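Visitor: One structure follows; several queries about it will come next.
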There are 2 protein chains.
Amino acid sequence: MDMRKLVGRNFARIRREKGFTQERFAELSGFTQQYLSDLERGLRNPTIVTIYEIAIALGVSHMEIVMPDQIEEAGSPITDAPPAQKS
Amino acid sequence: MDMRKLVGRNFARIRREKGFTQERFAELSGFTQQYLSDLERGLRNPTIVTIYEIAIALGVSHMEIVMPDQIEEAGSPITDAPPAQKS
DNA sequence: TGCTATTACATACTATAGTAGATAAACCTT
DNA sequence: AAGGTTTATCTACTATAGTATGTAATAGCA
């Protein structure tokens, strides 16, 4: 599993859902627009501190990583693959 | 919140629970004993790929990050603070 | 079709993640 | 207290995370 792409796709999706441009979110989070662009395209391997700071800026309060191929975030499941059957 | 210490403490606890020494776990995971020592003491800021690789080696299949001050892992809640009241 | 906003790409740079090898310090167990 | 096992600490190194600046490509929209 490519964690770079998984994290990137999910941050991109949440940013768009919140209505931020990369430029606007760069101001909010303190990262550069260029770095965020790379991150969202899966070209970067962020540290846990970077992920935490971005999550804070996005207003995400709960991150869940389920190994096979999913990431979820409170109230907004982030799936990399079709949702697993829950029952 | 210091994510370095939070991640470090939790990985250290799980490693001990699984009965691995740092040296043995270094062999399993491919990281050095020295790096794992630093990591567990909160002196390192691991990337998402490193965290993923360590989780795989630990046999952890589910990680959960709740912002204030908790991390949980499937079947084995990892709390940084006294457990929150669930009801 | 052209204008504007947005995102992708290029180059160069500094700080640090992670490696490697040696050793010191702490912890057991007897 | 001695000896072995485990963890912490040192030095030195390479690769890459993240910054900074500029610009090209793409997408909407009038």
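Letters A, B, ... go to the chains of the structure tokens in the order shown; residues in each chain start at 1; ligands are counted from 1 in the same order.
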Could you please select, counting only C-alpha atoms (C1' of nucleotides), the residues of chain D within 12 Å of chain B and state them as a ChimeraX atom specification?

Guide: /D:5-10,16-17

Visitor: Using only C-alpha atoms (C1' of nucleotides) and a distance of at most 10 Å, pull out the residues of chain C that contact chain B, as a ChimeraX atom specification.

Guide: /C:16-20

Visitor: Let me see the file: selected residues, all heavy atoms, as a CSV table (one decimal), in the first residue's frame.

Guide:
```
chain,number,residue,atom,x,y,z
C,16,DT,P,16.0,20.8,12.3
C,16,DT,OP1,14.9,21.3,13.1
C,16,DT,OP2,17.4,20.9,12.7
C,16,DT,O5',15.7,19.3,11.9
C,16,DT,C5',14.5,19.0,11.1
C,16,DT,C4',14.6,17.6,10.5
C,16,DT,O4',15.6,17.6,9.5
C,16,DT,C3',15.1,16.5,11.5
C,16,DT,O3',14.5,15.3,11.2
C,16,DT,C2',16.6,16.4,11.2
C,16,DT,C1',16.4,16.5,9.7
C,16,DT,N1,17.7,16.6,8.9
C,16,DT,C2,17.8,15.9,7.8
C,16,DT,O2,17.0,15.1,7.4
C,16,DT,N3,19.0,16.1,7.2
C,16,DT,C4,20.1,16.9,7.5
C,16,DT,O4,21.1,17.0,6.9
C,16,DT,C5,19.8,17.6,8.8
C,16,DT,C7,20.9,18.6,9.3
C,16,DT,C6,18.7,17.5,9.4
C,17,DA,P,13.4,14.6,12.1
C,17,DA,OP1,12.2,15.4,12.3
C,17,DA,OP2,14.1,14.1,13.4
C,17,DA,O5',13.0,13.3,11.3
C,17,DA,C5',12.4,13.4,10.1
C,17,DA,C4',12.8,12.2,9.1
C,17,DA,O4',14.1,12.5,8.6
C,17,DA,C3',12.8,10.9,9.8
C,17,DA,O3',12.3,9.9,8.8
C,17,DA,C2',14.3,10.6,10.1
C,17,DA,C1',14.9,11.4,8.9
C,17,DA,N9,16.2,11.9,9.2
C,17,DA,C8,16.6,12.8,10.2
C,17,DA,N7,17.8,13.2,10.2
C,17,DA,C5,18.3,12.6,9.1
C,17,DA,C6,19.6,12.6,8.5
C,17,DA,N6,20.7,13.3,9.0
C,17,DA,N1,19.8,11.9,7.3
C,17,DA,C2,18.8,11.2,6.8
C,17,DA,N3,17.5,11.1,7.3
C,17,DA,C4,17.4,11.8,8.4
C,18,DG,P,11.9,8.4,9.2
C,18,DG,OP1,11.0,7.9,8.3
C,18,DG,OP2,11.6,8.4,10.7
C,18,DG,O5',13.3,7.7,9.1
C,18,DG,C5',13.7,7.2,7.8
C,18,DG,C4',15.1,6.7,7.8
C,18,DG,O4',16.0,7.8,8.2
C,18,DG,C3',15.4,5.6,8.8
C,18,DG,O3',15.9,4.4,8.1
C,18,DG,C2',16.4,6.1,9.8
C,18,DG,C1',17.1,7.2,8.9
C,18,DG,N9,17.8,8.2,9.6
C,18,DG,C8,17.5,8.9,10.7
C,18,DG,N7,18.4,9.7,11.2
C,18,DG,C5,19.5,9.5,10.3
C,18,DG,C6,20.7,10.1,10.3
C,18,DG,O6,21.2,10.9,11.1
C,18,DG,N1,21.5,9.6,9.3
C,18,DG,C2,21.1,8.7,8.4
C,18,DG,N2,22.0,8.3,7.4
C,18,DG,N3,19.9,8.1,8.3
C,18,DG,C4,19.1,8.6,9.4
C,19,DT,P,16.6,3.2,8.8
C,19,DT,OP1,16.2,2.0,8.1
C,19,DT,OP2,16.5,3.3,10.3
C,19,DT,O5',18.1,3.4,8.4
C,19,DT,C5',18.5,3.6,7.1
C,19,DT,C4',20.0,3.6,7.0
C,19,DT,O4',20.6,4.7,7.6
C,19,DT,C3',20.7,2.4,7.6
C,19,DT,O3',21.6,1.8,6.6
C,19,DT,C2',21.4,2.9,8.8
C,19,DT,C1',21.6,4.3,8.4
C,19,DT,N1,21.7,5.3,9.6
C,19,DT,C2,22.8,6.0,9.8
C,19,DT,O2,23.8,6.0,9.1
C,19,DT,N3,22.7,6.9,10.9
C,19,DT,C4,21.6,7.0,11.8
C,19,DT,O4,21.7,7.8,12.7
C,19,DT,C5,20.5,6.2,11.5
C,19,DT,C7,19.3,6.3,12.3
C,19,DT,C6,20.6,5.4,10.4
C,20,DA,P,22.2,0.4,6.9
C,20,DA,OP1,22.6,-0.2,5.6
C,20,DA,OP2,21.3,-0.4,7.8
C,20,DA,O5',23.6,0.7,7.8
C,20,DA,C5',24.5,1.6,7.2
C,20,DA,C4',25.7,1.7,8.1
C,20,DA,O4',25.5,2.8,9.1
C,20,DA,C3',26.0,0.5,9.0
C,20,DA,O3',27.3,0.1,8.8
C,20,DA,C2',25.7,0.9,10.4
C,20,DA,C1',25.9,2.4,10.3
C,20,DA,N9,25.2,3.2,11.3
C,20,DA,C8,23.9,3.1,11.7
C,20,DA,N7,23.5,3.9,12.6
C,20,DA,C5,24.7,4.7,12.8
C,20,DA,C6,24.9,5.8,13.7
C,20,DA,N6,24.0,6.3,14.5
C,20,DA,N1,26.2,6.3,13.7
C,20,DA,C2,27.1,5.7,12.9
C,20,DA,N3,27.0,4.7,12.1
C,20,DA,C4,25.7,4.2,12.1
```
